[in-house]
$ cat query-v6.cif   # mmCIF, N, CA and C atoms
data_entry
loop_
_atom_site.label_atom_id
_atom_site.label_comp_id
_atom_site.auth_asym_id
_atom_site.auth_seq_id
_atom_site.Cartn_x
_atom_site.Cartn_y
_atom_site.Cartn_z
N MET A 1 111.53 106.44 96.50
CA MET A 1 110.72 105.64 95.63
C MET A 1 109.34 106.29 95.50
N LEU A 2 108.83 106.36 94.31
CA LEU A 2 107.55 107.02 94.06
C LEU A 2 106.38 106.34 94.77
N LEU A 3 106.41 105.02 94.85
CA LEU A 3 105.32 104.31 95.52
C LEU A 3 105.22 104.71 96.99
N HIS A 4 106.36 104.82 97.65
CA HIS A 4 106.35 105.21 99.06
C HIS A 4 105.87 106.65 99.24
N ALA A 5 106.25 107.52 98.34
CA ALA A 5 105.80 108.91 98.42
C ALA A 5 104.29 108.99 98.25
N ARG A 6 103.76 108.25 97.29
CA ARG A 6 102.31 108.25 97.06
C ARG A 6 101.59 107.63 98.27
N LEU A 7 102.17 106.58 98.83
CA LEU A 7 101.59 105.93 100.00
C LEU A 7 101.51 106.91 101.17
N GLU A 8 102.57 107.64 101.41
CA GLU A 8 102.57 108.62 102.50
C GLU A 8 101.54 109.72 102.25
N GLU A 9 101.43 110.15 101.01
CA GLU A 9 100.45 111.19 100.67
C GLU A 9 99.03 110.70 100.95
N LEU A 10 98.74 109.47 100.54
CA LEU A 10 97.42 108.91 100.77
C LEU A 10 97.14 108.72 102.26
N LYS A 11 98.13 108.29 103.01
CA LYS A 11 97.94 108.12 104.45
C LYS A 11 97.72 109.47 105.14
N HIS A 12 98.41 110.49 104.67
CA HIS A 12 98.19 111.84 105.21
C HIS A 12 96.75 112.29 104.93
N ASP A 13 96.29 112.05 103.70
CA ASP A 13 94.90 112.36 103.37
C ASP A 13 93.95 111.58 104.27
N GLY A 14 94.34 110.36 104.59
CA GLY A 14 93.52 109.52 105.45
C GLY A 14 93.36 110.10 106.84
N LYS A 15 94.40 110.72 107.34
CA LYS A 15 94.31 111.35 108.66
C LYS A 15 93.29 112.48 108.65
N ARG A 16 93.33 113.29 107.59
CA ARG A 16 92.35 114.38 107.48
C ARG A 16 90.94 113.82 107.34
N ASN A 17 90.79 112.76 106.56
CA ASN A 17 89.51 112.12 106.37
C ASN A 17 88.98 111.55 107.69
N SER A 18 89.86 110.97 108.48
CA SER A 18 89.47 110.41 109.79
C SER A 18 89.03 111.51 110.75
N GLU A 19 89.72 112.64 110.72
CA GLU A 19 89.33 113.77 111.56
C GLU A 19 87.94 114.27 111.17
N GLU A 20 87.69 114.34 109.87
CA GLU A 20 86.38 114.75 109.40
C GLU A 20 85.32 113.73 109.82
N TYR A 21 85.65 112.45 109.70
CA TYR A 21 84.72 111.39 110.11
C TYR A 21 84.31 111.57 111.57
N GLU A 22 85.26 111.89 112.43
CA GLU A 22 84.96 112.09 113.85
C GLU A 22 83.91 113.18 114.05
N ARG A 23 83.95 114.20 113.22
CA ARG A 23 82.97 115.29 113.32
C ARG A 23 81.61 114.88 112.75
N LEU A 24 81.61 113.92 111.83
CA LEU A 24 80.40 113.55 111.11
C LEU A 24 79.72 112.28 111.61
N LYS A 25 80.36 111.53 112.46
CA LYS A 25 79.93 110.16 112.74
C LYS A 25 78.61 110.01 113.48
N ASN A 26 78.04 111.06 113.98
CA ASN A 26 76.74 110.98 114.67
C ASN A 26 75.72 111.91 114.01
N PRO A 27 75.36 111.65 112.77
CA PRO A 27 74.44 112.56 112.07
C PRO A 27 73.04 112.53 112.67
N SER A 28 72.36 113.64 112.55
CA SER A 28 71.00 113.74 113.09
C SER A 28 69.96 114.07 112.02
N ASP A 29 70.44 114.34 110.81
CA ASP A 29 69.49 114.67 109.75
C ASP A 29 69.98 114.09 108.42
N ARG A 30 69.15 114.25 107.41
CA ARG A 30 69.45 113.68 106.10
C ARG A 30 70.77 114.21 105.56
N ALA A 31 70.99 115.51 105.65
CA ALA A 31 72.23 116.11 105.14
C ALA A 31 73.44 115.54 105.87
N GLY A 32 73.32 115.31 107.16
CA GLY A 32 74.42 114.74 107.92
C GLY A 32 74.74 113.32 107.47
N TRP A 33 73.69 112.52 107.21
CA TRP A 33 73.93 111.15 106.72
C TRP A 33 74.57 111.17 105.33
N LEU A 34 74.18 112.13 104.51
CA LEU A 34 74.79 112.24 103.18
C LEU A 34 76.26 112.66 103.28
N ARG A 35 76.57 113.58 104.18
CA ARG A 35 77.97 113.98 104.38
C ARG A 35 78.80 112.80 104.89
N LEU A 36 78.21 112.03 105.79
CA LEU A 36 78.91 110.85 106.30
C LEU A 36 79.15 109.84 105.17
N ALA A 37 78.15 109.62 104.33
CA ALA A 37 78.31 108.69 103.21
C ALA A 37 79.41 109.17 102.26
N ALA A 38 79.47 110.47 102.01
CA ALA A 38 80.52 111.02 101.14
C ALA A 38 81.90 110.81 101.76
N ASN A 39 82.00 111.02 103.06
CA ASN A 39 83.26 110.81 103.76
C ASN A 39 83.69 109.36 103.66
N LEU A 40 82.76 108.45 103.87
CA LEU A 40 83.07 107.02 103.81
C LEU A 40 83.43 106.59 102.39
N THR A 41 82.80 107.18 101.40
CA THR A 41 83.14 106.87 100.01
C THR A 41 84.55 107.33 99.69
N ALA A 42 84.92 108.51 100.16
CA ALA A 42 86.29 108.99 99.96
C ALA A 42 87.28 108.06 100.65
N SER A 43 86.91 107.60 101.82
CA SER A 43 87.76 106.66 102.56
C SER A 43 87.92 105.36 101.79
N THR A 44 86.84 104.88 101.22
CA THR A 44 86.87 103.65 100.42
C THR A 44 87.82 103.81 99.24
N ASP A 45 87.68 104.89 98.51
CA ASP A 45 88.53 105.13 97.34
C ASP A 45 90.00 105.22 97.73
N ARG A 46 90.27 105.93 98.80
CA ARG A 46 91.66 106.09 99.25
C ARG A 46 92.24 104.76 99.70
N ASP A 47 91.49 104.02 100.49
CA ASP A 47 92.00 102.74 100.99
C ASP A 47 92.21 101.74 99.86
N ALA A 48 91.38 101.79 98.83
CA ALA A 48 91.59 100.93 97.67
C ALA A 48 92.90 101.30 96.96
N ALA A 49 93.18 102.58 96.88
CA ALA A 49 94.43 103.03 96.26
C ALA A 49 95.63 102.59 97.10
N ILE A 50 95.50 102.66 98.41
CA ILE A 50 96.59 102.21 99.29
C ILE A 50 96.82 100.72 99.12
N ALA A 51 95.75 99.94 99.08
CA ALA A 51 95.89 98.49 98.88
C ALA A 51 96.61 98.20 97.57
N GLN A 52 96.29 98.95 96.53
CA GLN A 52 96.94 98.75 95.23
C GLN A 52 98.44 99.07 95.30
N ILE A 53 98.78 100.11 96.01
CA ILE A 53 100.20 100.45 96.16
C ILE A 53 100.93 99.34 96.90
N TYR A 54 100.34 98.83 97.95
CA TYR A 54 100.99 97.73 98.66
C TYR A 54 101.17 96.51 97.75
N GLU A 55 100.20 96.26 96.90
CA GLU A 55 100.34 95.15 95.94
C GLU A 55 101.52 95.41 95.00
N GLU A 56 101.64 96.65 94.54
CA GLU A 56 102.76 97.00 93.66
C GLU A 56 104.10 96.88 94.40
N LEU A 57 104.09 97.20 95.68
CA LEU A 57 105.32 97.11 96.47
C LEU A 57 105.77 95.66 96.66
N THR A 58 104.86 94.70 96.57
CA THR A 58 105.27 93.30 96.71
C THR A 58 106.27 92.92 95.62
N GLY A 59 106.08 93.47 94.43
CA GLY A 59 107.02 93.21 93.34
C GLY A 59 108.25 94.09 93.40
N ALA A 60 108.06 95.32 93.88
CA ALA A 60 109.17 96.27 93.92
C ALA A 60 110.13 95.98 95.08
N GLU A 61 109.62 95.38 96.13
CA GLU A 61 110.43 95.07 97.31
C GLU A 61 110.17 93.62 97.73
N PRO A 62 110.71 92.67 96.99
CA PRO A 62 110.42 91.25 97.25
C PRO A 62 110.75 90.80 98.67
N ALA A 63 111.75 91.38 99.28
CA ALA A 63 112.11 90.99 100.65
C ALA A 63 111.00 91.32 101.64
N LEU A 64 110.17 92.29 101.30
CA LEU A 64 109.08 92.71 102.18
C LEU A 64 107.71 92.30 101.64
N ALA A 65 107.71 91.42 100.66
CA ALA A 65 106.47 91.05 99.97
C ALA A 65 105.38 90.56 100.92
N ASP A 66 105.74 89.72 101.89
CA ASP A 66 104.73 89.20 102.82
C ASP A 66 104.09 90.32 103.63
N GLU A 67 104.89 91.25 104.09
CA GLU A 67 104.36 92.38 104.85
C GLU A 67 103.47 93.26 103.97
N HIS A 68 103.91 93.49 102.74
CA HIS A 68 103.11 94.32 101.83
C HIS A 68 101.79 93.64 101.49
N ARG A 69 101.81 92.33 101.28
CA ARG A 69 100.58 91.60 101.01
C ARG A 69 99.62 91.69 102.19
N ALA A 70 100.15 91.55 103.38
CA ALA A 70 99.31 91.65 104.59
C ALA A 70 98.70 93.05 104.71
N SER A 71 99.48 94.06 104.41
CA SER A 71 98.97 95.44 104.47
C SER A 71 97.91 95.66 103.40
N ALA A 72 98.13 95.12 102.22
CA ALA A 72 97.13 95.24 101.14
C ALA A 72 95.82 94.59 101.57
N GLU A 73 95.91 93.42 102.17
CA GLU A 73 94.71 92.72 102.63
C GLU A 73 94.00 93.53 103.72
N GLN A 74 94.76 94.10 104.63
CA GLN A 74 94.18 94.92 105.68
C GLN A 74 93.40 96.09 105.08
N TYR A 75 93.98 96.78 104.10
CA TYR A 75 93.31 97.92 103.50
C TYR A 75 92.10 97.49 102.67
N ARG A 76 92.16 96.30 102.06
CA ARG A 76 90.96 95.81 101.35
C ARG A 76 89.83 95.57 102.35
N GLY A 77 90.18 95.14 103.56
CA GLY A 77 89.16 94.98 104.60
C GLY A 77 88.54 96.32 104.98
N TYR A 78 89.38 97.35 105.06
CA TYR A 78 88.86 98.70 105.34
C TYR A 78 87.91 99.15 104.23
N VAL A 79 88.26 98.83 102.99
CA VAL A 79 87.41 99.19 101.85
C VAL A 79 86.04 98.56 102.02
N ASP A 80 86.02 97.27 102.31
CA ASP A 80 84.74 96.57 102.46
C ASP A 80 83.90 97.18 103.58
N SER A 81 84.53 97.45 104.72
CA SER A 81 83.80 98.02 105.85
C SER A 81 83.25 99.40 105.53
N SER A 82 84.09 100.24 104.95
CA SER A 82 83.65 101.61 104.63
C SER A 82 82.54 101.59 103.59
N ARG A 83 82.66 100.72 102.61
CA ARG A 83 81.63 100.63 101.56
C ARG A 83 80.29 100.21 102.17
N ASP A 84 80.34 99.21 103.05
CA ASP A 84 79.10 98.76 103.70
C ASP A 84 78.48 99.87 104.54
N TYR A 85 79.29 100.57 105.29
CA TYR A 85 78.78 101.64 106.15
C TYR A 85 78.25 102.80 105.30
N ALA A 86 78.91 103.10 104.20
CA ALA A 86 78.43 104.17 103.31
C ALA A 86 77.05 103.81 102.75
N GLU A 87 76.86 102.55 102.39
CA GLU A 87 75.55 102.10 101.89
C GLU A 87 74.48 102.25 102.96
N LEU A 88 74.82 101.90 104.19
CA LEU A 88 73.87 102.07 105.29
C LEU A 88 73.54 103.54 105.53
N ALA A 89 74.55 104.40 105.45
CA ALA A 89 74.32 105.83 105.62
C ALA A 89 73.40 106.38 104.55
N LEU A 90 73.59 105.92 103.32
CA LEU A 90 72.70 106.37 102.23
C LEU A 90 71.28 105.88 102.44
N LYS A 91 71.13 104.66 102.90
CA LYS A 91 69.78 104.13 103.17
C LYS A 91 69.12 104.95 104.27
N LYS A 92 69.88 105.26 105.30
CA LYS A 92 69.34 106.06 106.40
C LYS A 92 68.93 107.45 105.89
N ALA A 93 69.77 108.05 105.06
CA ALA A 93 69.45 109.36 104.49
C ALA A 93 68.18 109.30 103.66
N GLY A 94 68.01 108.20 102.95
CA GLY A 94 66.82 108.04 102.11
C GLY A 94 65.53 107.91 102.91
N LYS A 95 65.64 107.50 104.17
CA LYS A 95 64.46 107.34 105.01
C LYS A 95 64.07 108.63 105.71
N LEU A 96 64.95 109.63 105.66
CA LEU A 96 64.65 110.91 106.34
C LEU A 96 64.04 111.92 105.41
#
$ encode --input "query-v6.cif" --output "structure tokens"
Amino acid sequence: MLLHARLEELKHDGKRNSEEYERLKNPSDRAGWLRLAANLTASTDRDAAIAQIYEELTGAEPALADEHRASAEQYRGYVDSSRDYAELALKKAGKL
């Protein structure tokens, strides 16, 4: 199914993004805060796409609709968290 293939691709990208985040998560200068904000923005975009796929899967796989809805909600929570943290990183960068 194409939705599952896209979901796996996005999750694979997420692993690379998480590895990059680990390297960036303790910035010490303006450029570091900007790199962190860019990483978090990419994470936000990806997680929003994952949430959308899970929403589409609720219709494509009705027997698993509750699980897919729960996963979509979980990823929307990740979006909110990453977006908030990206905004904080940009504010911090602006102060340096």
$ atom_distance --input "query-v6.cif" --atom1 "atom C of A:Leu34" --atom2 "atom CA of A:Leu90"
7.3 Å
$ atom_distance --input "query-v6.cif" --atom1 "atom N of A:Leu96" --atom2 "atom CA of A:Thr41"
19.2 Å
$ atom_distance --input "query-v6.cif" --atom1 "atom N of A:Glu73" --atom2 "atom CA of A:Ala51"
6.0 Å
$ resolve_selection --input "query-v6.cif" --expression "the PyMOL selection byres (((chain A and resi 92 and name CA) around 12) and name CA)" --output "list of chain:residue names"
A:Pro27, A:Ser28, A:Asp29, A:Arg30, A:Ala31, A:Gly32, A:Trp33, A:Leu34, A:Arg35, A:Leu36, A:Ala37, A:Tyr85, A:Ala86, A:Glu87, A:Leu88, A:Ala89, A:Leu90, A:Lys91, A:Ala93, A:Gly94, A:Lys95, A:Leu96
$ closest_residue --input "query-v6.cif" --among "A:Leu64, A:Met1, A:Ile50, A:Ala38" --to "A:Gly14" --atoms "only C-alpha atoms"
A:Ile50
$ resolve_selection --input "query-v6.cif" --expression "the PyMOL selection byres (((chain A and resi 4 and name CA) around 12) and name CA)" --output "list in words"
Met1, Leu2, Leu3, Ala5, Arg6, Leu7, Glu8, Glu9, Leu10, Lys11, Ile50, Ile53, Tyr54, Glu56, Leu57, Ala60, Glu61 and His68 of chain A
$ closest_atom_pairs --input "query-v6.cif" --of "stretch 24-50 of chain A" --to "stretch 74-84 of chain A" --cutoff "7 Å" --atoms "all atoms listed in the file" --output "CSV"
residue,atom,partner,partner_atom,distance
A:Leu40,C,A:Ser82,C,5.2
A:Thr41,N,A:Ser82,C,6.0
A:Ser43,C,A:Val79,CA,6.2
A:Thr44,CA,A:Val79,CA,4.7
A:Asp45,N,A:Val79,CA,6.6
A:Asp47,C,A:Tyr75,C,5.1
A:Ala48,N,A:Val79,CA,5.6
A:Ile50,C,A:Tyr75,CA,6.3
